[in-house]
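What follows is one structure encoded as structure tokens, with my remarks underneath.
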Amino acid sequence: MSTVKKIPEGMPAIVPHLVCSDASAAIEFYKKAFGAVEEVRMPVPDGSGKLMHAMVRIGGAPVMLVDEFPEWGSVGPQGNSPVTLHHYVEDIDTVFKRALDAGAKEKLPVADMFWGDRYGILVDPFGHSWSLATHVRDVSPEEAMEASKTAMVGCPEAAQQ
């Protein structure tokens, strides 16, 4: 009988897997912006420098990366991703600024939000959208729903939360 774990140790059931126009540069960006720790880097054996697989951990969470391979239908979002990766951090103001300094673009400035988080959205240099948050106060579902009636007016980006 096999003793191989069906889900490897330290891996959650769902892991983001990002396609990037330059996965090596993305790894360096995630290190600078979010304090990522590189765990795996597997280059394509053809010497092109492209990565067929890589993995970093951001805040202890695994994030897999790969270079674009259009011939296989694998392309990055180029800023048009329908997916936003949500990242809770201890100090959003510091991390958000660090990400901007590393090359991210602000999509929604950091502000205190009605649901109890200090929150902002940015797009990384590879087109992936990231929402960053620091939880600053506990809000009941009822209080959040009531506050949303006025807070969401004119702010479609915040609806992503």
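Convention: chains lettered A, B, ... in structure tokens order; per-chain residue numbering from 1; ligands numbered from 1 as shown.
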
Inset, instruction - Find the residues around Ala26 in chain A up to 10 Å (only C-alpha atoms counted), leave out those fewer than 3 positions away in its own chain, and share them as a list in words. - result: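 Once the nearby chain positions are removed, what remains is Leu18, Val19, Cys20, Ser21, Asp22, Ala23, Phe29, Tyr30, Lys31, Lys32, Leu65, Val66, Asp67, Asp124, Pro125 and Phe126 of chain A.
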
Just write the chosen residues, N, CA, C and O atoms, as a PDB file, in the first residue's frame.
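What landed in out_7.pdb:
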```
ATOM      1  N   LEU A  18       0.309  31.291 -11.863  1.00  0.00           N
ATOM      2  CA  LEU A  18       0.320  32.479 -12.701  1.00  0.00           C
ATOM      3  C   LEU A  18       1.167  32.283 -13.948  1.00  0.00           C
ATOM      4  O   LEU A  18       2.304  31.811 -13.867  1.00  0.00           O
ATOM      5  N   VAL A  19       0.624  32.674 -15.090  1.00  0.00           N
ATOM      6  CA  VAL A  19       1.380  32.723 -16.332  1.00  0.00           C
ATOM      7  C   VAL A  19       1.908  34.142 -16.458  1.00  0.00           C
ATOM      8  O   VAL A  19       1.144  35.107 -16.368  1.00  0.00           O
ATOM      9  N   CYS A  20       3.222  34.273 -16.653  1.00  0.00           N
ATOM     10  CA  CYS A  20       3.857  35.592 -16.700  1.00  0.00           C
ATOM     11  C   CYS A  20       4.671  35.749 -17.981  1.00  0.00           C
ATOM     12  O   CYS A  20       5.268  34.788 -18.462  1.00  0.00           O
ATOM     13  N   SER A  21       4.725  36.970 -18.487  1.00  0.00           N
ATOM     14  CA  SER A  21       5.510  37.242 -19.687  1.00  0.00           C
ATOM     15  C   SER A  21       6.999  37.027 -19.442  1.00  0.00           C
ATOM     16  O   SER A  21       7.741  36.794 -20.376  1.00  0.00           O
ATOM     17  N   ASP A  22       7.431  37.086 -18.204  1.00  0.00           N
ATOM     18  CA  ASP A  22       8.827  36.831 -17.822  1.00  0.00           C
ATOM     19  C   ASP A  22       8.804  36.317 -16.385  1.00  0.00           C
ATOM     20  O   ASP A  22       8.881  37.099 -15.438  1.00  0.00           O
ATOM     21  N   ALA A  23       8.677  35.013 -16.223  1.00  0.00           N
ATOM     22  CA  ALA A  23       8.503  34.426 -14.889  1.00  0.00           C
ATOM     23  C   ALA A  23       9.698  34.701 -13.974  1.00  0.00           C
ATOM     24  O   ALA A  23       9.517  34.907 -12.776  1.00  0.00           O
ATOM     25  N   PHE A  29      10.228  40.430  -8.787  1.00  0.00           N
ATOM     26  CA  PHE A  29       9.246  41.425  -8.368  1.00  0.00           C
ATOM     27  C   PHE A  29       8.543  40.983  -7.095  1.00  0.00           C
ATOM     28  O   PHE A  29       8.408  41.750  -6.142  1.00  0.00           O
ATOM     29  N   TYR A  30       8.068  39.730  -7.048  1.00  0.00           N
ATOM     30  CA  TYR A  30       7.347  39.247  -5.874  1.00  0.00           C
ATOM     31  C   TYR A  30       8.242  39.218  -4.641  1.00  0.00           C
ATOM     32  O   TYR A  30       7.772  39.436  -3.524  1.00  0.00           O
ATOM     33  N   LYS A  31       9.524  38.969  -4.818  1.00  0.00           N
ATOM     34  CA  LYS A  31      10.461  39.043  -3.685  1.00  0.00           C
ATOM     35  C   LYS A  31      10.520  40.469  -3.150  1.00  0.00           C
ATOM     36  O   LYS A  31      10.421  40.694  -1.939  1.00  0.00           O
ATOM     37  N   LYS A  32      10.702  41.454  -4.050  1.00  0.00           N
ATOM     38  CA  LYS A  32      10.813  42.855  -3.636  1.00  0.00           C
ATOM     39  C   LYS A  32       9.493  43.387  -3.083  1.00  0.00           C
ATOM     40  O   LYS A  32       9.463  44.061  -2.062  1.00  0.00           O
ATOM     41  N   LEU A  65       4.400  29.671 -10.780  1.00  0.00           N
ATOM     42  CA  LEU A  65       4.559  30.546 -11.928  1.00  0.00           C
ATOM     43  C   LEU A  65       5.110  29.756 -13.099  1.00  0.00           C
ATOM     44  O   LEU A  65       5.804  28.750 -12.914  1.00  0.00           O
ATOM     45  N   VAL A  66       4.834  30.261 -14.277  1.00  0.00           N
ATOM     46  CA  VAL A  66       5.359  29.687 -15.504  1.00  0.00           C
ATOM     47  C   VAL A  66       5.497  30.826 -16.511  1.00  0.00           C
ATOM     48  O   VAL A  66       4.775  31.823 -16.430  1.00  0.00           O
ATOM     49  N   ASP A  67       6.429  30.695 -17.435  1.00  0.00           N
ATOM     50  CA  ASP A  67       6.532  31.660 -18.524  1.00  0.00           C
ATOM     51  C   ASP A  67       5.409  31.445 -19.519  1.00  0.00           C
ATOM     52  O   ASP A  67       4.783  30.379 -19.559  1.00  0.00           O
ATOM     53  N   ASP A 124       0.363  44.124 -10.960  1.00  0.00           N
ATOM     54  CA  ASP A 124       1.805  43.908 -11.017  1.00  0.00           C
ATOM     55  C   ASP A 124       2.308  44.105 -12.451  1.00  0.00           C
ATOM     56  O   ASP A 124       1.504  44.215 -13.387  1.00  0.00           O
ATOM     57  N   PRO A 125       3.621  44.198 -12.652  1.00  0.00           N
ATOM     58  CA  PRO A 125       4.154  44.451 -13.990  1.00  0.00           C
ATOM     59  C   PRO A 125       3.843  43.355 -15.020  1.00  0.00           C
ATOM     60  O   PRO A 125       4.108  43.532 -16.202  1.00  0.00           O
ATOM     61  N   PHE A 126       3.258  42.255 -14.581  1.00  0.00           N
ATOM     62  CA  PHE A 126       2.973  41.121 -15.464  1.00  0.00           C
ATOM     63  C   PHE A 126       1.486  40.992 -15.750  1.00  0.00           C
ATOM     64  O   PHE A 126       1.040  40.028 -16.353  1.00  0.00           O
TER      65      PHE A 126
END
```

Legend entry - Ala36 in chain A surroundings by only C-alpha atoms, 12 Å radius, close-in-sequence under 4 positions cut, as a list of chain:residue names: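 With the cut-off at 12 Å, the set is A:Ala26, A:Ile27, A:Glu28, A:Phe29, A:Tyr30, A:Lys31, A:Lys32, A:Val40, A:Met55, A:Val56, A:Arg57, A:Ile58, A:Gly59, A:Gly60, A:Ala61, A:Pro62, A:Val63, A:Met64, A:His87, A:Val95, A:Ala99.
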
Could you take the residues named above and write them with all heavy atoms, as a compact mmCIF listing (two decimals), in the first residue's frame?
```txt
# COMPACT_ATOMS: atom_id res chain seq x y z
N ALA A 26 9.22 38.09 -12.74
CA ALA A 26 8.09 38.08 -11.81
C ALA A 26 8.52 37.61 -10.43
O ALA A 26 8.12 38.19 -9.41
CB ALA A 26 6.96 37.21 -12.35
N ILE A 27 9.35 36.58 -10.39
CA ILE A 27 9.86 36.08 -9.10
C ILE A 27 10.59 37.20 -8.37
O ILE A 27 10.38 37.42 -7.18
CB ILE A 27 10.76 34.85 -9.30
CG1 ILE A 27 9.93 33.64 -9.75
CG2 ILE A 27 11.54 34.53 -8.01
CD1 ILE A 27 10.76 32.45 -10.21
N GLU A 28 11.45 37.91 -9.09
CA GLU A 28 12.20 39.01 -8.46
C GLU A 28 11.25 40.11 -7.99
O GLU A 28 11.45 40.67 -6.91
CB GLU A 28 13.26 39.55 -9.41
CG GLU A 28 14.34 38.52 -9.75
CD GLU A 28 14.93 37.82 -8.53
OE1 GLU A 28 15.32 38.50 -7.56
OE2 GLU A 28 14.99 36.57 -8.55
N PHE A 29 10.23 40.43 -8.79
CA PHE A 29 9.25 41.43 -8.37
C PHE A 29 8.54 40.98 -7.10
O PHE A 29 8.41 41.75 -6.14
CB PHE A 29 8.21 41.68 -9.48
CG PHE A 29 7.05 42.52 -9.00
CD1 PHE A 29 7.16 43.89 -8.92
CD2 PHE A 29 5.86 41.92 -8.59
CE1 PHE A 29 6.11 44.66 -8.44
CE2 PHE A 29 4.81 42.68 -8.11
CZ PHE A 29 4.92 44.06 -8.04
N TYR A 30 8.07 39.73 -7.05
CA TYR A 30 7.35 39.25 -5.87
C TYR A 30 8.24 39.22 -4.64
O TYR A 30 7.77 39.44 -3.52
CB TYR A 30 6.70 37.88 -6.15
CG TYR A 30 5.68 37.92 -7.26
CD1 TYR A 30 5.61 36.92 -8.21
CD2 TYR A 30 4.78 38.99 -7.37
CE1 TYR A 30 4.67 36.96 -9.24
CE2 TYR A 30 3.85 39.04 -8.39
CZ TYR A 30 3.80 38.04 -9.32
OH TYR A 30 2.88 38.09 -10.34
N LYS A 31 9.52 38.97 -4.82
CA LYS A 31 10.46 39.04 -3.69
C LYS A 31 10.52 40.47 -3.15
O LYS A 31 10.42 40.69 -1.94
CB LYS A 31 11.86 38.59 -4.12
CG LYS A 31 12.01 37.11 -4.31
CD LYS A 31 13.45 36.81 -4.79
CE LYS A 31 13.70 35.34 -5.03
NZ LYS A 31 15.08 35.11 -5.53
N LYS A 32 10.70 41.45 -4.05
CA LYS A 32 10.81 42.85 -3.64
C LYS A 32 9.49 43.39 -3.08
O LYS A 32 9.46 44.06 -2.06
CB LYS A 32 11.24 43.73 -4.82
CG LYS A 32 12.66 43.55 -5.24
CD LYS A 32 12.96 44.42 -6.46
CE LYS A 32 14.29 44.02 -7.07
NZ LYS A 32 14.46 44.60 -8.40
N VAL A 40 11.21 26.89 -5.85
CA VAL A 40 11.51 26.05 -7.00
C VAL A 40 11.65 26.92 -8.23
O VAL A 40 10.87 27.85 -8.43
CB VAL A 40 10.37 25.02 -7.26
CG1 VAL A 40 10.65 24.19 -8.50
CG2 VAL A 40 10.17 24.11 -6.06
N MET A 55 7.99 28.10 -8.15
CA MET A 55 7.09 28.30 -7.03
C MET A 55 7.76 29.20 -6.00
O MET A 55 8.94 29.05 -5.69
CB MET A 55 6.69 26.98 -6.36
CG MET A 55 5.56 27.19 -5.34
SD MET A 55 4.84 25.66 -4.70
CE MET A 55 6.08 25.18 -3.53
N VAL A 56 6.97 30.15 -5.52
CA VAL A 56 7.38 31.02 -4.42
C VAL A 56 6.34 30.88 -3.32
O VAL A 56 5.25 30.33 -3.54
CB VAL A 56 7.50 32.50 -4.86
CG1 VAL A 56 8.55 32.67 -5.94
CG2 VAL A 56 6.16 33.06 -5.32
N ARG A 57 6.69 31.35 -2.15
CA ARG A 57 5.71 31.46 -1.06
C ARG A 57 5.62 32.92 -0.70
O ARG A 57 6.63 33.59 -0.49
CB ARG A 57 6.12 30.62 0.14
CG ARG A 57 5.90 29.14 -0.12
CD ARG A 57 5.86 28.31 1.16
NE ARG A 57 5.75 26.92 0.79
CZ ARG A 57 4.61 26.22 0.78
NH1 ARG A 57 3.50 26.80 1.15
NH2 ARG A 57 4.60 24.96 0.42
N ILE A 58 4.39 33.39 -0.61
CA ILE A 58 4.11 34.76 -0.22
C ILE A 58 3.28 34.69 1.05
O ILE A 58 2.17 34.14 1.03
CB ILE A 58 3.37 35.53 -1.34
CG1 ILE A 58 4.24 35.58 -2.61
CG2 ILE A 58 2.99 36.93 -0.86
CD1 ILE A 58 3.55 36.17 -3.82
N GLY A 59 3.84 35.18 2.14
CA GLY A 59 3.14 35.08 3.41
C GLY A 59 2.86 33.63 3.79
O GLY A 59 1.86 33.33 4.41
N GLY A 60 3.72 32.73 3.36
CA GLY A 60 3.57 31.31 3.65
C GLY A 60 2.71 30.56 2.65
O GLY A 60 2.65 29.34 2.67
N ALA A 61 2.03 31.28 1.75
CA ALA A 61 1.14 30.64 0.77
C ALA A 61 1.90 30.37 -0.53
O ALA A 61 2.60 31.24 -1.03
CB ALA A 61 -0.06 31.53 0.48
N PRO A 62 1.74 29.17 -1.09
CA PRO A 62 2.43 28.87 -2.35
C PRO A 62 1.77 29.57 -3.54
O PRO A 62 0.54 29.69 -3.60
CB PRO A 62 2.28 27.35 -2.48
CG PRO A 62 1.05 27.02 -1.71
CD PRO A 62 0.96 28.03 -0.60
N VAL A 63 2.61 30.06 -4.44
CA VAL A 63 2.16 30.62 -5.71
C VAL A 63 3.07 30.02 -6.78
O VAL A 63 4.29 30.16 -6.71
CB VAL A 63 2.25 32.16 -5.73
CG1 VAL A 63 1.85 32.71 -7.11
CG2 VAL A 63 1.40 32.78 -4.64
N MET A 64 2.48 29.33 -7.75
CA MET A 64 3.25 28.75 -8.83
C MET A 64 3.29 29.73 -10.00
O MET A 64 2.37 30.52 -10.18
CB MET A 64 2.64 27.42 -9.28
CG MET A 64 2.68 26.35 -8.23
SD MET A 64 1.95 24.83 -8.88
CE MET A 64 2.02 23.81 -7.42
N HIS A 87 -4.30 39.39 -0.79
CA HIS A 87 -3.15 39.17 0.08
C HIS A 87 -3.32 39.99 1.36
O HIS A 87 -3.26 41.22 1.33
CB HIS A 87 -1.88 39.57 -0.67
CG HIS A 87 -0.60 39.37 0.05
ND1 HIS A 87 -0.39 38.41 1.02
CD2 HIS A 87 0.60 40.00 -0.09
CE1 HIS A 87 0.86 38.48 1.44
NE2 HIS A 87 1.47 39.43 0.79
N VAL A 95 3.56 47.71 2.54
CA VAL A 95 3.63 46.71 1.46
C VAL A 95 3.13 47.30 0.14
O VAL A 95 3.74 47.07 -0.91
CB VAL A 95 2.84 45.43 1.83
CG1 VAL A 95 2.83 44.45 0.68
CG2 VAL A 95 3.44 44.78 3.08
N ALA A 99 5.38 47.62 -3.21
CA ALA A 99 4.97 47.05 -4.50
C ALA A 99 4.98 48.11 -5.60
O ALA A 99 5.43 47.85 -6.71
CB ALA A 99 3.59 46.41 -4.38
```

Inset, instruction - Point out the residue among A:Leu122, A:Ala25, A:Leu51, A:Val37 with the least atom-to-atom distance to Lys97 in chain A, counting only C-alpha atoms. - result: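 Comparing A:Leu122, A:Ala25, A:Leu51, A:Val37 against Lys97 in chain A, the winner is A:Leu122.
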
Legend entry - Test item, strand (DSSP E or B) assignment across chain A, answer as a PyMOL selection string: chain A and resi 17-20+37-43+51-58+61-67+69+74+84-88+105-112+117-123+129-135

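When only C-alpha atoms are used to measure the gap to Ser131 in chain A, the shortest distance among A:Leu85, A:Val4, A:Ala33, A:Ile14 belongs to A:Leu85.
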
Inset, instruction - Would you mind writing down, as a ChimeraX atom specification, each residue of range 11-150 of chain A that DSSP on the backbone assigns to alpha helix (DSSP H)? - result: /A:23-34,92-101,141-150

Write a file of the just-selected residues containing N, CA, C and O atoms, as a CSV table (one decimal), in the first residue's frame.
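And here is the file that came out, again27.csv:
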```
chain,number,residue,atom,x,y,z
A,23,ALA,N,8.7,35.0,-16.2
A,23,ALA,CA,8.5,34.4,-14.9
A,23,ALA,C,9.7,34.7,-14.0
A,23,ALA,O,9.5,34.9,-12.8
A,24,SER,N,10.9,34.7,-14.5
A,24,SER,CA,12.1,35.0,-13.7
A,24,SER,C,12.0,36.4,-13.1
A,24,SER,O,12.3,36.7,-11.9
A,25,ALA,N,11.6,37.4,-14.0
A,25,ALA,CA,11.4,38.8,-13.5
A,25,ALA,C,10.3,38.9,-12.5
A,25,ALA,O,10.3,39.6,-11.5
A,26,ALA,N,9.2,38.1,-12.7
A,26,ALA,CA,8.1,38.1,-11.8
A,26,ALA,C,8.5,37.6,-10.4
A,26,ALA,O,8.1,38.2,-9.4
A,27,ILE,N,9.3,36.6,-10.4
A,27,ILE,CA,9.9,36.1,-9.1
A,27,ILE,C,10.6,37.2,-8.4
A,27,ILE,O,10.4,37.4,-7.2
A,28,GLU,N,11.4,37.9,-9.1
A,28,GLU,CA,12.2,39.0,-8.5
A,28,GLU,C,11.3,40.1,-8.0
A,28,GLU,O,11.4,40.7,-6.9
A,29,PHE,N,10.2,40.4,-8.8
A,29,PHE,CA,9.2,41.4,-8.4
A,29,PHE,C,8.5,41.0,-7.1
A,29,PHE,O,8.4,41.7,-6.1
A,30,TYR,N,8.1,39.7,-7.0
A,30,TYR,CA,7.3,39.2,-5.9
A,30,TYR,C,8.2,39.2,-4.6
A,30,TYR,O,7.8,39.4,-3.5
A,31,LYS,N,9.5,39.0,-4.8
A,31,LYS,CA,10.5,39.0,-3.7
A,31,LYS,C,10.5,40.5,-3.2
A,31,LYS,O,10.4,40.7,-1.9
A,32,LYS,N,10.7,41.5,-4.0
A,32,LYS,CA,10.8,42.9,-3.6
A,32,LYS,C,9.5,43.4,-3.1
A,32,LYS,O,9.5,44.1,-2.1
A,33,ALA,N,8.4,43.1,-3.8
A,33,ALA,CA,7.1,43.7,-3.4
A,33,ALA,C,6.5,43.1,-2.2
A,33,ALA,O,5.9,43.7,-1.3
A,34,PHE,N,6.5,41.7,-2.2
A,34,PHE,CA,5.7,41.0,-1.2
A,34,PHE,C,6.6,40.1,-0.2
A,34,PHE,O,6.0,39.4,0.5
A,92,ILE,N,-0.5,47.3,5.4
A,92,ILE,CA,-0.8,47.5,4.0
A,92,ILE,C,-0.1,48.7,3.4
A,92,ILE,O,0.4,48.7,2.3
A,93,ASP,N,0.1,49.8,4.2
A,93,ASP,CA,0.7,51.0,3.6
A,93,ASP,C,2.1,50.7,3.2
A,93,ASP,O,2.5,51.2,2.1
A,94,THR,N,2.9,50.0,4.0
A,94,THR,CA,4.2,49.7,3.7
A,94,THR,C,4.4,48.8,2.5
A,94,THR,O,5.1,49.0,1.6
A,95,VAL,N,3.6,47.7,2.5
A,95,VAL,CA,3.6,46.7,1.5
A,95,VAL,C,3.1,47.3,0.1
A,95,VAL,O,3.7,47.1,-0.9
A,96,PHE,N,2.1,48.1,0.2
A,96,PHE,CA,1.5,48.7,-1.0
A,96,PHE,C,2.6,49.6,-1.7
A,96,PHE,O,2.8,49.6,-2.9
A,97,LYS,N,3.2,50.4,-0.8
A,97,LYS,CA,4.3,51.4,-1.3
A,97,LYS,C,5.4,50.6,-1.9
A,97,LYS,O,6.0,50.9,-3.0
A,98,ARG,N,5.8,49.5,-1.2
A,98,ARG,CA,6.9,48.7,-1.7
A,98,ARG,C,6.6,48.1,-3.0
A,98,ARG,O,7.5,48.0,-3.9
A,99,ALA,N,5.4,47.6,-3.2
A,99,ALA,CA,5.0,47.0,-4.5
A,99,ALA,C,5.0,48.1,-5.6
A,99,ALA,O,5.4,47.8,-6.7
A,100,LEU,N,4.5,49.3,-5.3
A,100,LEU,CA,4.5,50.4,-6.3
A,100,LEU,C,6.0,50.7,-6.6
A,100,LEU,O,6.3,50.9,-7.8
A,101,ASP,N,6.8,50.8,-5.6
A,101,ASP,CA,8.2,51.1,-5.9
A,101,ASP,C,8.9,50.0,-6.7
A,101,ASP,O,9.9,50.3,-7.5
A,141,PRO,N,-21.7,41.2,9.7
A,141,PRO,CA,-22.3,41.2,8.3
A,141,PRO,C,-23.4,42.2,8.1
A,141,PRO,O,-23.5,42.8,7.1
A,142,GLU,N,-24.2,42.4,9.1
A,142,GLU,CA,-25.3,43.3,9.0
A,142,GLU,C,-24.8,44.8,8.9
A,142,GLU,O,-25.3,45.5,8.1
A,143,GLU,N,-23.8,45.1,9.7
A,143,GLU,CA,-23.2,46.4,9.7
A,143,GLU,C,-22.5,46.7,8.3
A,143,GLU,O,-22.7,47.7,7.7
A,144,ALA,N,-21.8,45.7,7.8
A,144,ALA,CA,-21.2,45.8,6.5
A,144,ALA,C,-22.2,46.0,5.4
A,144,ALA,O,-22.1,46.8,4.5
A,145,MET,N,-23.3,45.2,5.4
A,145,MET,CA,-24.4,45.3,4.4
A,145,MET,C,-25.0,46.7,4.4
A,145,MET,O,-25.2,47.3,3.4
A,146,GLU,N,-25.3,47.2,5.6
A,146,GLU,CA,-25.8,48.6,5.7
A,146,GLU,C,-24.9,49.6,5.2
A,146,GLU,O,-25.2,50.5,4.4
A,147,ALA,N,-23.6,49.5,5.6
A,147,ALA,CA,-22.6,50.5,5.1
A,147,ALA,C,-22.4,50.4,3.6
A,147,ALA,O,-22.1,51.4,3.0
A,148,SER,N,-22.5,49.3,3.1
A,148,SER,CA,-22.3,49.1,1.6
A,148,SER,C,-23.3,49.9,0.8
A,148,SER,O,-23.0,50.2,-0.4
A,149,LYS,N,-24.4,50.2,1.3
A,149,LYS,CA,-25.5,50.9,0.6
A,149,LYS,C,-25.0,52.3,0.1
A,149,LYS,O,-25.4,52.7,-0.9
A,150,THR,N,-24.2,52.9,0.9
A,150,THR,CA,-23.7,54.2,0.6
A,150,THR,C,-22.2,54.2,0.1
A,150,THR,O,-21.8,54.9,-0.7
```

Inset, instruction - Determine, counting only C-alpha atoms, which protein, DNA and RNA residues have an atom within 9 Å of an atom of Val139 in chain A; residues of the same chain fewer than 6 positions away are not included. Present the result as an MDAnalysis selection string. - result: chainID A and resid 114:116

Go ahead and save the residues from that selection, with N, CA, C and O atoms, as a short mmCIF file (atom, residue, chain, number, x, y, z; two decimals), in the first residue's frame.
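As written to disk, again-v7.cif reads:
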```
data_model
loop_
_atom_site.label_atom_id
_atom_site.label_comp_id
_atom_site.auth_asym_id
_atom_site.auth_seq_id
_atom_site.Cartn_x
_atom_site.Cartn_y
_atom_site.Cartn_z
N PHE A 114 -15.47 49.89 4.41
CA PHE A 114 -16.63 49.65 5.28
C PHE A 114 -16.68 48.25 5.86
O PHE A 114 -17.32 48.02 6.87
N TRP A 115 -16.00 47.28 5.26
CA TRP A 115 -16.07 45.90 5.76
C TRP A 115 -15.01 45.61 6.82
O TRP A 115 -14.91 44.50 7.31
N GLY A 116 -14.19 46.64 7.17
CA GLY A 116 -13.26 46.50 8.27
C GLY A 116 -11.81 46.34 7.89
O GLY A 116 -10.95 46.17 8.76
#
```

Inset, instruction - Find the residues near range 108-111 of chain A: any atom within 7 Å, counting only C-alpha atoms, skip ones fewer than 5 places away on the same chain, and give them as a count of residues only. - result: 6
